[in-house]
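Just structure.txt here, compact mmCIF, C-alpha atoms:
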```txt
# COMPACT_ATOMS: atom_id res chain seq x y z
CA MET A 1232 -110.40 -7.26 -58.40
CA PRO A 1233 -110.05 -7.98 -62.15
CA ARG A 1234 -113.11 -6.99 -64.14
CA ARG A 1235 -114.26 -7.50 -67.68
CA SER A 1236 -113.21 -4.73 -70.00
CA GLN A 1237 -115.74 -1.94 -70.45
CA HIS A 1238 -113.07 0.19 -72.13
CA SER A 1239 -111.43 0.47 -75.53
CA LYS A 1240 -107.70 -0.24 -75.75
CA ASP A 1241 -106.97 3.47 -75.92
CA GLU A 1242 -109.15 4.21 -72.90
CA LEU A 1243 -107.38 1.47 -70.99
CA ARG A 1244 -103.99 2.95 -71.87
CA GLN A 1245 -105.10 6.35 -70.61
CA LEU A 1246 -106.40 4.80 -67.38
CA ALA A 1247 -103.12 2.96 -66.82
CA LEU A 1248 -101.01 6.08 -67.45
CA GLU A 1249 -103.13 8.10 -65.06
CA ALA A 1250 -102.76 5.31 -62.48
CA VAL A 1251 -98.95 5.42 -62.74
CA LEU A 1252 -98.97 9.12 -61.88
CA VAL A 1253 -101.54 8.69 -59.09
CA ILE A 1254 -99.44 5.93 -57.49
CA ALA A 1255 -96.24 7.97 -57.82
CA GLU A 1256 -97.88 10.99 -56.14
CA ARG A 1257 -99.52 8.94 -53.40
CA ASP A 1258 -96.93 6.26 -52.59
CA GLY A 1259 -93.70 7.63 -54.08
CA SER A 1260 -91.99 6.97 -57.39
CA GLN A 1261 -90.40 3.74 -56.13
CA ALA A 1262 -93.85 2.23 -55.53
CA VAL A 1263 -94.87 2.11 -59.20
CA SER A 1264 -95.11 -1.53 -60.35
CA ALA A 1265 -97.19 -3.45 -62.89
CA ARG A 1266 -99.06 -5.14 -60.04
CA LYS A 1267 -99.97 -1.84 -58.37
CA VAL A 1268 -101.02 -0.19 -61.60
CA ALA A 1269 -103.22 -3.15 -62.51
CA GLN A 1270 -104.76 -3.14 -59.04
CA GLU A 1271 -105.40 0.61 -59.25
CA ILE A 1272 -107.44 0.27 -62.46
CA GLY A 1273 -109.07 -3.02 -61.50
CA TYR A 1274 -107.57 -5.25 -64.17
CA ALA A 1275 -105.24 -8.25 -64.06
CA PRO A 1276 -101.52 -7.39 -64.43
CA GLY A 1277 -101.41 -9.37 -67.70
CA MET A 1278 -103.66 -6.73 -69.27
CA LEU A 1279 -100.85 -4.17 -69.00
CA TYR A 1280 -98.67 -6.27 -71.28
CA TYR A 1281 -101.42 -6.17 -73.87
CA LEU A 1282 -101.40 -2.36 -73.59
CA PHE A 1283 -97.67 -1.67 -73.24
CA GLU A 1284 -94.49 -3.40 -74.35
CA SER A 1285 -92.99 -3.45 -70.86
CA ILE A 1286 -93.07 -1.66 -67.53
CA ASP A 1287 -90.43 0.72 -68.96
CA ASP A 1288 -92.72 1.53 -71.87
CA LEU A 1289 -95.60 2.19 -69.46
CA ILE A 1290 -93.52 4.50 -67.23
CA LEU A 1291 -92.01 6.33 -70.21
CA HIS A 1292 -95.50 7.06 -71.56
CA ALA A 1293 -96.60 8.30 -68.13
CA ASN A 1294 -93.45 10.46 -67.91
CA ALA A 1295 -94.17 11.79 -71.39
CA ARG A 1296 -97.42 13.18 -69.95
CA THR A 1297 -95.53 14.95 -67.19
CA LEU A 1298 -93.06 16.28 -69.77
CA ALA A 1299 -95.87 17.51 -72.02
CA SER A 1300 -97.54 19.37 -69.17
CA MET A 1301 -94.14 20.77 -68.15
CA ILE A 1302 -93.57 22.05 -71.69
CA ARG A 1303 -97.05 23.65 -71.78
CA SER A 1304 -96.40 25.33 -68.46
CA LEU A 1305 -92.96 26.65 -69.53
CA ARG A 1306 -94.44 27.95 -72.79
CA THR A 1307 -97.02 29.92 -70.81
CA ALA A 1308 -94.26 31.30 -68.57
CA VAL A 1309 -92.34 32.87 -71.46
CA GLN A 1310 -95.22 34.69 -73.17
CA ARG A 1311 -94.58 38.33 -74.07
CA LYS A 1312 -91.23 38.52 -72.29
CA SER A 1313 -87.73 39.52 -73.37
CA PRO A 1314 -85.39 36.50 -73.79
CA GLN A 1315 -83.63 37.22 -70.51
CA ARG A 1316 -86.89 37.47 -68.58
CA ALA A 1317 -88.30 34.47 -70.40
CA LEU A 1318 -85.34 32.31 -69.37
CA LEU A 1319 -85.64 33.48 -65.79
CA ALA A 1320 -89.38 32.79 -65.82
CA MET A 1321 -88.82 29.29 -67.21
CA ALA A 1322 -86.22 28.49 -64.55
CA ARG A 1323 -88.56 29.67 -61.79
CA GLN A 1324 -91.44 27.73 -63.28
CA TYR A 1325 -89.30 24.58 -63.46
CA LEU A 1326 -88.46 24.95 -59.78
CA GLU A 1327 -92.14 25.53 -58.99
CA LEU A 1328 -93.10 22.32 -60.82
CA ALA A 1329 -90.37 20.37 -59.03
CA GLN A 1330 -91.51 21.64 -55.65
CA HIS A 1331 -95.24 21.20 -56.19
CA ASN A 1332 -95.31 18.00 -58.20
CA GLY A 1333 -92.33 16.54 -56.40
CA ARG A 1334 -93.07 12.86 -56.80
CA ARG A 1335 -94.31 13.04 -60.37
CA TRP A 1336 -91.19 15.04 -61.14
CA GLN A 1337 -89.04 12.46 -59.34
CA LEU A 1338 -90.56 9.64 -61.38
CA LEU A 1339 -89.66 11.62 -64.50
CA PHE A 1340 -86.01 11.94 -63.48
CA GLU A 1341 -85.38 8.82 -61.42
CA HIS A 1342 -86.66 6.34 -63.92
CA ALA A 1343 -83.79 4.40 -65.42
CA MET A 1344 -84.26 2.01 -68.31
CA ARG A 1345 -83.90 -1.62 -67.21
CA HIS A 1346 -80.86 -3.43 -68.53
CA ASP A 1347 -79.61 -0.11 -69.90
CA ALA A 1348 -82.04 -0.29 -72.80
CA PRO A 1349 -81.80 2.82 -75.00
CA VAL A 1350 -84.43 5.53 -74.56
CA PRO A 1351 -86.77 5.30 -77.58
CA ASP A 1352 -86.74 8.04 -80.24
CA TRP A 1353 -90.31 9.22 -79.66
CA TYR A 1354 -89.40 9.97 -76.03
CA ARG A 1355 -86.14 11.69 -76.90
CA GLN A 1356 -88.07 13.97 -79.27
CA GLN A 1357 -90.05 15.18 -76.28
CA THR A 1358 -87.01 15.90 -74.12
CA ASP A 1359 -85.51 17.68 -77.14
CA ALA A 1360 -88.63 19.87 -77.28
CA LEU A 1361 -87.90 20.97 -73.71
CA PHE A 1362 -84.32 21.96 -74.57
CA ARG A 1363 -85.58 23.69 -77.72
CA LEU A 1364 -87.70 26.05 -75.61
CA VAL A 1365 -84.53 27.19 -73.85
CA GLU A 1366 -82.47 27.29 -77.05
CA GLU A 1367 -85.04 29.53 -78.80
CA GLN A 1368 -84.68 32.13 -76.08
CA LEU A 1369 -80.88 31.86 -76.04
CA ALA A 1370 -80.79 32.35 -79.83
CA ALA A 1371 -83.02 35.43 -79.50
CA LEU A 1372 -80.75 36.77 -76.74
CA ALA A 1373 -77.48 36.26 -78.63
CA PRO A 1374 -78.19 35.81 -82.37
CA GLU A 1375 -74.46 35.84 -83.17
CA LYS A 1376 -73.74 32.64 -81.19
CA LYS A 1377 -73.20 29.35 -83.00
CA GLU A 1378 -75.72 26.52 -82.67
CA LYS A 1379 -73.21 24.42 -80.70
CA GLU A 1380 -72.71 27.23 -78.18
CA ILE A 1381 -76.44 27.63 -77.78
CA GLN A 1382 -76.90 23.89 -77.22
CA LEU A 1383 -74.15 23.82 -74.59
CA ALA A 1384 -75.56 26.86 -72.77
CA ALA A 1385 -79.07 25.37 -72.74
CA ARG A 1386 -77.73 22.17 -71.16
CA ALA A 1387 -75.57 24.07 -68.67
CA ILE A 1388 -78.54 26.18 -67.52
CA TRP A 1389 -80.74 23.12 -67.29
CA SER A 1390 -78.17 21.16 -65.24
CA ALA A 1391 -77.72 24.07 -62.85
CA VAL A 1392 -81.43 24.72 -62.34
CA HIS A 1393 -82.13 21.00 -62.15
CA GLY A 1394 -79.38 20.72 -59.53
CA VAL A 1395 -81.04 23.34 -57.34
CA CYS A 1396 -84.38 21.52 -57.78
CA LEU A 1397 -82.90 18.14 -56.81
CA LEU A 1398 -81.24 19.63 -53.73
CA ALA A 1399 -84.45 21.46 -52.83
CA VAL A 1400 -86.84 18.50 -53.16
CA THR A 1401 -84.50 16.19 -51.22
CA GLY A 1402 -84.01 18.76 -48.43
CA LYS A 1403 -80.27 18.98 -49.12
CA LEU A 1404 -80.02 22.74 -49.72
CA GLU A 1405 -79.91 23.12 -45.96
CA VAL A 1406 -76.25 22.02 -45.83
CA GLY A 1407 -75.54 25.48 -47.18
CA GLY A 1408 -77.65 27.28 -44.62
CA LYS A 1409 -81.05 28.78 -45.29
CA VAL A 1410 -80.63 30.20 -48.79
CA PRO A 1411 -83.98 29.91 -50.61
CA ALA A 1412 -83.95 27.87 -53.84
CA THR A 1413 -85.54 30.72 -55.84
CA ARG A 1414 -82.62 33.04 -55.01
CA LEU A 1415 -80.14 30.40 -56.16
CA VAL A 1416 -82.02 29.87 -59.43
CA ASP A 1417 -82.27 33.63 -60.05
CA SER A 1418 -78.58 34.18 -59.30
CA LEU A 1419 -77.50 31.30 -61.54
CA VAL A 1420 -79.62 32.28 -64.53
CA ARG A 1421 -78.93 36.04 -64.32
CA HIS A 1422 -75.17 35.86 -63.90
CA TYR A 1423 -74.65 32.94 -66.25
CA LEU A 1424 -76.57 34.70 -69.02
CA ALA A 1425 -74.72 37.98 -68.47
CA GLY A 1426 -71.35 36.21 -68.64
CA TRP A 1427 -72.37 34.06 -71.59
CA VAL A 1428 -73.71 36.95 -73.69
CA ALA A 1429 -70.55 38.99 -73.02
CA SER A 1430 -68.19 36.11 -73.92
CA ALA A 1431 -66.59 36.08 -77.36
CA MET B 521 -68.41 -14.11 -36.01
CA PRO B 522 -68.18 -11.95 -32.84
CA ARG B 523 -64.72 -11.91 -31.30
CA ARG B 524 -63.20 -10.61 -28.11
CA SER B 525 -61.90 -7.10 -28.44
CA GLN B 526 -58.23 -6.78 -29.29
CA HIS B 527 -58.74 -3.09 -30.05
CA SER B 528 -59.07 0.13 -28.08
CA LYS B 529 -62.37 2.04 -28.33
CA ASP B 530 -60.79 4.53 -30.70
CA GLU B 531 -59.35 1.78 -32.91
CA LEU B 532 -62.77 0.14 -33.03
CA ARG B 533 -64.37 3.42 -34.08
CA GLN B 534 -61.86 3.79 -36.90
CA LEU B 535 -62.49 0.20 -38.03
CA ALA B 536 -66.25 0.76 -38.04
CA LEU B 537 -65.95 4.02 -40.02
CA GLU B 538 -63.71 2.36 -42.57
CA ALA B 539 -66.21 -0.51 -42.82
CA VAL B 540 -69.07 1.90 -43.61
CA LEU B 541 -67.13 3.31 -46.56
CA VAL B 542 -66.03 -0.13 -47.76
CA ILE B 543 -69.63 -1.39 -47.71
CA ALA B 544 -70.88 1.74 -49.50
CA GLU B 545 -68.26 1.35 -52.24
CA ARG B 546 -68.78 -2.38 -52.61
CA ASP B 547 -72.53 -2.83 -52.15
CA GLY B 548 -73.95 0.67 -52.65
CA SER B 549 -74.91 3.39 -50.19
CA GLN B 550 -78.30 1.80 -49.47
CA ALA B 551 -76.60 -1.35 -48.17
CA VAL B 552 -75.03 0.29 -45.11
CA SER B 553 -76.64 -1.07 -41.92
CA ALA B 554 -75.49 -1.69 -38.34
CA ARG B 555 -75.68 -5.43 -38.96
CA LYS B 556 -73.49 -5.26 -42.06
CA VAL B 557 -70.93 -2.96 -40.44
CA ALA B 558 -70.66 -5.22 -37.39
CA GLN B 559 -70.28 -8.27 -39.62
CA GLU B 560 -67.57 -6.53 -41.65
CA ILE B 561 -65.43 -5.85 -38.59
CA GLY B 562 -66.25 -9.16 -36.87
CA TYR B 563 -68.06 -7.82 -33.82
CA ALA B 564 -71.63 -8.13 -32.58
CA PRO B 565 -73.98 -5.31 -33.70
CA GLY B 566 -74.42 -4.24 -30.07
CA MET B 567 -70.77 -3.16 -30.03
CA LEU B 568 -71.60 -0.36 -32.48
CA TYR B 569 -73.97 1.21 -29.99
CA TYR B 570 -71.15 1.30 -27.49
CA LEU B 571 -69.05 3.16 -30.08
CA PHE B 572 -71.66 5.44 -31.66
CA GLU B 573 -74.90 7.05 -30.51
CA SER B 574 -76.91 5.70 -33.40
CA ILE B 575 -76.60 4.54 -36.99
CA ASP B 576 -76.99 8.20 -38.02
CA ASP B 577 -74.03 9.13 -35.83
CA LEU B 578 -71.96 6.33 -37.38
CA ILE B 579 -72.81 7.34 -40.97
CA LEU B 580 -72.22 11.04 -40.24
CA HIS B 581 -68.76 10.26 -38.89
CA ALA B 582 -67.99 8.15 -41.96
CA ASN B 583 -69.27 10.96 -44.20
CA ALA B 584 -67.11 13.42 -42.27
CA ARG B 585 -64.11 11.39 -43.45
CA THR B 586 -65.24 11.68 -47.07
CA LEU B 587 -65.79 15.42 -46.55
CA ALA B 588 -62.36 15.85 -44.99
CA SER B 589 -60.65 14.08 -47.86
CA MET B 590 -62.74 16.14 -50.31
CA ILE B 591 -61.61 19.35 -48.60
CA ARG B 592 -57.95 18.25 -48.73
CA SER B 593 -58.26 17.44 -52.39
CA LEU B 594 -59.95 20.78 -53.22
CA ARG B 595 -57.27 22.65 -51.26
CA THR B 596 -54.59 20.97 -53.35
CA ALA B 597 -56.46 21.89 -56.53
CA VAL B 598 -56.39 25.64 -55.79
CA GLN B 599 -52.67 26.00 -55.01
CA ARG B 600 -50.85 28.85 -56.78
CA LYS B 601 -53.80 29.77 -58.97
CA SER B 602 -55.71 32.99 -59.63
CA PRO B 603 -59.17 33.02 -57.97
CA GLN B 604 -60.91 32.37 -61.28
CA ARG B 605 -58.68 29.41 -62.10
CA ALA B 606 -58.87 28.16 -58.55
CA LEU B 607 -62.67 28.10 -58.66
CA LEU B 608 -62.62 26.30 -61.99
CA ALA B 609 -60.08 23.79 -60.65
CA MET B 610 -62.20 23.13 -57.57
CA ALA B 611 -65.32 22.57 -59.65
CA ARG B 612 -63.47 20.12 -61.91
CA GLN B 613 -61.99 18.35 -58.91
CA TYR B 614 -65.44 18.05 -57.31
CA LEU B 615 -66.74 16.44 -60.50
CA GLU B 616 -63.72 14.13 -60.57
CA LEU B 617 -64.39 13.01 -56.98
CA ALA B 618 -68.07 12.44 -57.74
CA GLN B 619 -67.26 10.35 -60.78
CA HIS B 620 -64.46 8.30 -59.24
CA ASN B 621 -65.76 7.82 -55.72
CA GLY B 622 -69.37 7.62 -56.84
CA ARG B 623 -70.79 5.50 -54.06
CA ARG B 624 -68.88 7.13 -51.22
CA TRP B 625 -70.01 10.47 -52.64
CA GLN B 626 -73.59 9.22 -52.89
CA LEU B 627 -73.54 8.12 -49.24
CA LEU B 628 -72.39 11.63 -48.36
CA PHE B 629 -75.29 13.27 -50.17
CA GLU B 630 -78.06 10.71 -49.93
CA HIS B 631 -77.90 10.20 -46.21
CA ALA B 632 -80.93 11.77 -44.57
CA MET B 633 -81.26 12.04 -40.79
CA ARG B 634 -83.89 9.66 -39.44
CA HIS B 635 -87.00 11.28 -38.02
CA ASP B 636 -85.73 14.60 -39.42
CA ALA B 637 -83.26 14.94 -36.55
CA PRO B 638 -81.12 18.08 -36.92
CA VAL B 639 -77.59 17.72 -38.30
CA PRO B 640 -75.19 18.13 -35.34
CA ASP B 641 -73.02 21.26 -35.08
CA TRP B 642 -69.68 19.45 -35.41
CA TYR B 643 -70.81 18.09 -38.79
CA ARG B 644 -72.17 21.42 -40.00
CA GLN B 645 -68.80 22.99 -39.21
CA GLN B 646 -67.25 20.63 -41.71
CA THR B 647 -69.73 21.40 -44.47
CA ASP B 648 -69.15 25.09 -43.70
CA ALA B 649 -65.43 24.54 -44.23
CA LEU B 650 -66.20 23.31 -47.74
CA PHE B 651 -68.21 26.44 -48.55
CA ARG B 652 -65.48 28.60 -47.00
CA LEU B 653 -62.97 27.29 -49.55
CA VAL B 654 -65.20 28.63 -52.31
CA GLU B 655 -66.00 31.87 -50.45
CA GLU B 656 -62.30 32.66 -49.96
CA GLN B 657 -61.70 32.56 -53.69
CA LEU B 658 -64.84 34.58 -54.44
CA ALA B 659 -63.74 37.25 -51.95
CA ALA B 660 -60.30 37.37 -53.58
CA LEU B 661 -61.95 37.66 -57.00
CA ALA B 662 -64.35 40.47 -56.04
CA PRO B 663 -63.19 42.15 -52.81
CA GLU B 664 -65.90 44.82 -53.11
CA LYS B 665 -68.77 42.31 -52.75
CA LYS B 666 -70.68 42.01 -49.48
CA GLU B 667 -70.41 38.86 -47.40
CA LYS B 668 -74.05 37.98 -48.15
CA GLU B 669 -73.41 38.19 -51.88
CA ILE B 670 -70.36 35.98 -51.55
CA GLN B 671 -72.28 33.40 -49.54
CA LEU B 672 -75.09 33.34 -52.10
CA ALA B 673 -72.66 32.99 -55.02
CA ALA B 674 -70.78 30.13 -53.29
CA ARG B 675 -74.05 28.25 -52.80
CA ALA B 676 -75.23 28.96 -56.34
CA ILE B 677 -71.97 27.63 -57.81
CA TRP B 678 -72.06 24.59 -55.56
CA SER B 679 -75.70 23.78 -56.48
CA ALA B 680 -74.93 24.09 -60.17
CA VAL B 681 -71.76 21.96 -60.08
CA HIS B 682 -73.41 19.47 -57.75
CA GLY B 683 -76.34 19.31 -60.18
CA VAL B 684 -74.03 18.36 -63.05
CA CYS B 685 -72.39 15.73 -60.80
CA LEU B 686 -75.72 14.21 -59.78
CA LEU B 687 -76.87 14.05 -63.38
CA ALA B 688 -73.52 12.60 -64.44
CA VAL B 689 -73.29 9.87 -61.78
CA THR B 690 -76.90 8.79 -62.35
CA GLY B 691 -76.45 8.70 -66.13
CA LYS B 692 -79.06 11.40 -66.67
CA LEU B 693 -76.96 13.88 -68.62
CA GLU B 694 -77.74 11.83 -71.68
CA VAL B 695 -81.25 13.29 -71.95
CA GLY B 696 -79.52 16.37 -73.28
CA GLY B 697 -77.39 14.51 -75.82
CA LYS B 698 -73.72 13.74 -75.47
CA VAL B 699 -72.40 16.90 -73.83
CA PRO B 700 -69.52 15.94 -71.47
CA ALA B 701 -69.96 16.89 -67.81
CA THR B 702 -66.62 18.73 -67.73
CA ARG B 703 -67.75 21.10 -70.47
CA LEU B 704 -70.94 21.87 -68.55
CA VAL B 705 -69.01 22.53 -65.33
CA ASP B 706 -66.50 24.76 -67.16
CA SER B 707 -69.23 26.71 -68.92
CA LEU B 708 -71.22 27.21 -65.70
CA VAL B 709 -68.28 28.37 -63.59
CA ARG B 710 -66.70 30.62 -66.25
CA HIS B 711 -69.84 32.45 -67.34
CA TYR B 712 -71.39 32.65 -63.89
CA LEU B 713 -68.21 34.20 -62.45
CA ALA B 714 -67.88 36.67 -65.36
CA GLY B 715 -71.51 37.79 -64.92
CA TRP B 716 -71.25 37.89 -61.13
CA VAL B 717 -68.06 39.96 -61.06
CA ALA B 718 -69.50 42.44 -63.57
CA SER B 719 -72.81 42.86 -61.67
CA ALA B 720 -73.33 45.90 -59.48
```
For this file, produce the structure as structure tokens.
Amino acid sequence: MPRRSQHSKDELRQLALEAVLVIAERDGSQAVSARKVAQEIGYAPGMLYYLFESIDDLILHANARTLASMIRSLRTAVQRKSPQRALLAMARQYLELAQHNGRRWQLLFEHAMRHDAPVPDWYRQQTDALFRLVEEQLAALAPEKKEKEIQLAARAIWSAVHGVCLLAVTGKLEVGGKVPATRLVDSLVRHYLAGWVASA
Amino acid sequence: MPRRSQHSKDELRQLALEAVLVIAERDGSQAVSARKVAQEIGYAPGMLYYLFESIDDLILHANARTLASMIRSLRTAVQRKSPQRALLAMARQYLELAQHNGRRWQLLFEHAMRHDAPVPDWYRQQTDALFRLVEEQLAALAPEKKEKEIQLAARAIWSAVHGVCLLAVTGKLEVGGKVPATRLVDSLVRHYLAGWVASA
């Protein structure tokens, strides 16, 4: 039921962003729509277009929250650890987040821009911050490596760990028998790093 | 338009399986339904239940075709190569198949059994055959490794390469900037294998 605004514009934005994540967790990432979000916060759908440029803009801002909390949680995971252990801890933490915030995590990765619109710069800065966390540890582990090599390794590790997470949350790891996702993540990070550090 | 059967039961099965893959390629993996398959081959939907136990059974048999052609193509990729090069060639070939048969490949990996029914043994034997291709090369590369270690490594490599493929076919690699999927696959396989072989 639409109601008259008791909230400032900023408060309304926060309410709408929270609603996106609540709907994703409760009904699945596919269920997020302007109508549902408006209903959840008790305003007319038109209100959302006063708050956000588009449904993409709304979802990106909600995903930015998930990203920010992911970055905080990965930062905590690396504290007072050697680079190798820090990278392993981050990978495990990433898997943990994927498994325990499955739908919020799916919204983050399934969302595709409508009409192939480019991802805005402010959002890309946040995804860059996530890669930077990994790159910092790789640079500490192998200070002699070039920046390009470090960037490639960070993306390779992310793709691999992300792959395990995707297979785990969609129940597809089973095709390979009952190997736990944590063992796959550990094996990938450990051996990849050992090979990468040793390579010329 | 339903028509009287001019085909044997086996011919009809082959027609239906081909139709599943045609529909997946043309309209996307989500579009495959008993109604659409029946329409495609010009029979009534009821006919399908004479040919297959269920829609799951039909899709699994169609996916088994994709798997079989994937296995043939990976086998060709490894011919007359050292284990290391064979594993790299298989990984690249897997990426190639994912990128060029995107929707058929998506049907293979997106299909989930209804009501969480177990995957039948005959199908699991085929997925096992895919892992065995990788395990054979790993065993040739490091004959001193235990079977358990080889199985884990095969699944780790598959998850990582599959992760890159999933990110590539869904256009999600871009979050990390413009690193080509082939470079990620190469980096993952090379460094993982080097680290794995060197580990105790």
- Item | 12 Å contact set for Leu1252 of chain A, all atoms listed in the file, chain neighbours under 2 positions out, as an MDAnalysis selection string | chainID A and resid 1245:1250 1254:1264 1267:1268 1271 1289:1297 1332:1339
Restrict the distance test to all atoms listed in the file, flag each residue of chain B within 9 Å of chain A, and return the flagged residues as a PyMOL selection string.
-> chain B and resi 629-630+632+639+644+647-648+651+671-673+675-677+679-687+690-693+695-697+699+703-705+707-719
Students should find that atom CA of Asp530 of chain B and atom CA of Pro640 of chain B are spaced 20.3 Å
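Across the structure, atom CA of Ala637 of chain B and atom CA of Gln1330 of chain A are spaced 21.9 Å apart.
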The distance between atom CA of Thr596 of chain B and atom CA of Pro663 of chain B is 22.9 Å
Of A:Glu1242, A:Glu1284, A:Glu1366, A:Asp1352, the one sitting nearest Glu1378 of chain A when using all atoms listed in the file is A:Glu1366
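With distances restricted to only C-alpha atoms, B:Leu594 is the closest residue to Leu615 of chain B from B:Arg652, B:Leu661, B:Leu594, B:Leu587.
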message: Residues near Gln613 of chain B, anyone? I mean within 9 Å using only C-alpha atoms, not counting same-chain ones fewer than 2 positions away, as a list in words.
response: Met590, Ser593, Leu594, Ala597, Leu608, Ala609, Met610, Ala611, Leu615, Glu616, Leu617 and Ala618 of chain B
In terms of only C-alpha atoms, the residue from B:Ile591, B:Ala720, B:Val540, B:Val598 at minimal distance from Ala662 of chain B is B:Ala720
